[in-house]
Amino acid sequence: MTWLSAAVRIGTLLAACASVGWYYGRPLVAVACALAGLVLLWLYQMYRVQQWLREPGKPPPEIYGIWSDLLSQIYQLQKRGREDRARLQSTVDYLEDSFASMRDGVAIVDDHGGLKWFNESAQRLLGLRQSDRGQSLMNLLRNPEFLRYFNRGDYSQPLQYAMGGDSGAWHRVEITRFGDGDRLLFIRDVTAEVRMEKVRKDFVANVSHELRTPLTVISGYLGTFLSDTSRLEPRYIKPLQQMLQQAVRMENLLKDLLLLSRIESEQGLQPHGVVDISALLAELQDELRTAHPGRRVELAVDPHAGHTVCGDYRELYSAVSNLVLNAIKYSAADSTVTVSWHRDGANCVLEVRDQGIGIDRRHLPRLTERFYRVEDSRASSTGGTGLGLAIVKHVAASHGARLEISSELGKGSVFSLVFGPQTQVAATAGKASAAPAG
């Protein structure tokens with residue numbers, strides 16, 4: 001029944017009552033009695049509706065007229081709502097059962113840091129109890145590294161941290177935001193992986209260290225033999241030169257391996273030194289004047305950028321030197337390599353730009369892998385150890401910076417070390433300089 005039909009019926013009833021009342025000479029009294037009866041009937045129906053609404057799931061009472069249609073529509077909405085809630089609850093139960101069966105720890109934390117739910121693995125890994133639901137995660141976990149990561153809010157990269165104590169356990173946590181500020185935590189025990197990685201690093205470091213002495217002896221004797229080739233038979237000269245070349249190459253490889261191993265072992269420790277980038281670049285330029293007198297390397301230091309950062313001078317010098325030497329190696333002899341230090345918002349950027357052959361985009365994601373080299377760079381004239389950019393990446397990570405690479409074939413490459421505000425020291429005045437290396 002529609003509102004229009006209900007209005008027509010009420011109007012017809014009032015007209016009939018008015019006619020009867022007119023017949024008896026009391027039309028207003030008859031209409032008033034009819035209206036009073038309608039009001040009492042509606043009040044009674046509203047009472048029944050109220051009683052029905054207090055008992056969800058029960059079919060609506062038998063009511064006639066417009067109220068019957070209203071109750072029918074309300075009942076259908078309630079029924080659909082119950083079905084939707086049941087489907088959602090079934091989905092939630094399925095997800096909770098799935099998470100509960102995972103070997104990795106899973107926890108849901110609300111926007112205030114309270115624990116809403118966690119599975120048995122999270123309970124075991126984090127040392128939680130069922131009674132901890134609703135408690136603040138900040139009060140339950142005391143690991144400083146985890147707390148800094150959780151409060152920082154930047155979850156673009158997972159966190160791997162030591163649990164501390166005598167267990168020697170390591171955990172990796174990944175956090176994802178969802179809903180209205182809720183966070184989903186995945187916790188994994190990576191103790192075995194960390195131990196295997198430590199064994200690998202120790203093996204590389206020990207082998208590299210043990211090989212340095214025999215290689216030094218070999219290259220020393222070869223250099224002595226070749227210092228006076230007049231006493232050697234001609235057929236031995238070329239093989240000895242090749243042997244010396246490979247011995248020197250192996251020495252450089254071991255030197256890079258030992259440096260990389262040292263940087264990795266110190267990664268995670270806060271650098272306490274202060275490095276003057278202007279002085280570092282000036283020293284590098286002086287070295288290039290001697291080593292590459294025919295190459296032009298320009299320096300551009302922004303006087304408004306802070307010139308000092310927290311870090312290790314030797315490591316940063318090695319990283320920047322690697323970038324500049326790569327730029328020289330893979331660009332034409334008459335081209336210019338530009339090394340600049342400037343401010344970009346809150347960050348300071350050390351940028352090495354060349355006009356060389358460029359790098360295909362498909363190689364960029366793997367450039368910082370150990371021993372990875374673009375196929376064209378494997379030629380003996382330019383091929384290096386394949387560890388230079390890996391060293392740069394680890395130096396950047398140990399200094400709280402990041403390495404960014406952009407390149408275009410035939411137009412050159414740009415390698416940038418981006419230092420955030422936390423790595424910078426109070427700025428000092430400096431003058432921009434631009435001078436050739438030769």
# chains A, B, ... in the order shown; residues from 1 in each chain; ligands from 1

$ residues_around --residues "Phe203 in chain A" --least-positions-apart "6" --cutoff "12 Å" --atoms "only C-alpha atoms" --output "list in words"
Met196, Glu197, His209, Glu210, Leu257, Leu258 and Ser261 of chain A

$ closest_residue --among "A:Pro421, A:Leu35, A:Gln157, A:Ser121" --to "Gly11 in chain A" --atoms "only C-alpha atoms"
A:Leu35

$ select_by_dssp --residues "range 195-378 of chain A" --states "strand (DSSP E)" --output "PyMOL selection string"
chain A and resi 274-276+296-301+308-310+336-344+347-353

$ residues_around --residues "Ile108 in chain A" --least-positions-apart "3" --cutoff "6 Å" --atoms "only C-alpha atoms" --output "ChimeraX atom specification"
/A:116-117,183-184

$ closest_residue --among "A:Glu404, A:Asp182, A:Glu62, A:Glu351" --to "Arg48 in chain A" --atoms "only C-alpha atoms"
A:Glu62

$ closest_residue --among "A:Ala34, A:Ser398, A:Ala332, A:Val320" --to "Gly21 in chain A" --atoms "only C-alpha atoms"
A:Ala34

$ atom_distance --atom1 "CA of Ile187 in chain A" --atom2 "CA of Gln135 in chain A"
18.4 Å

$ residues_around --residues "Leu226 in chain A" --least-positions-apart "5" --cutoff "12 Å" --atoms "only C-alpha atoms" --output "ChimeraX atom specification"
/A:219-221,231-234,236-245

$ closest_residue --among "A:Arg188, A:Lys255, A:Arg343, A:Arg362" --to "Ala300 in chain A" --atoms "only C-alpha atoms"
A:Arg343
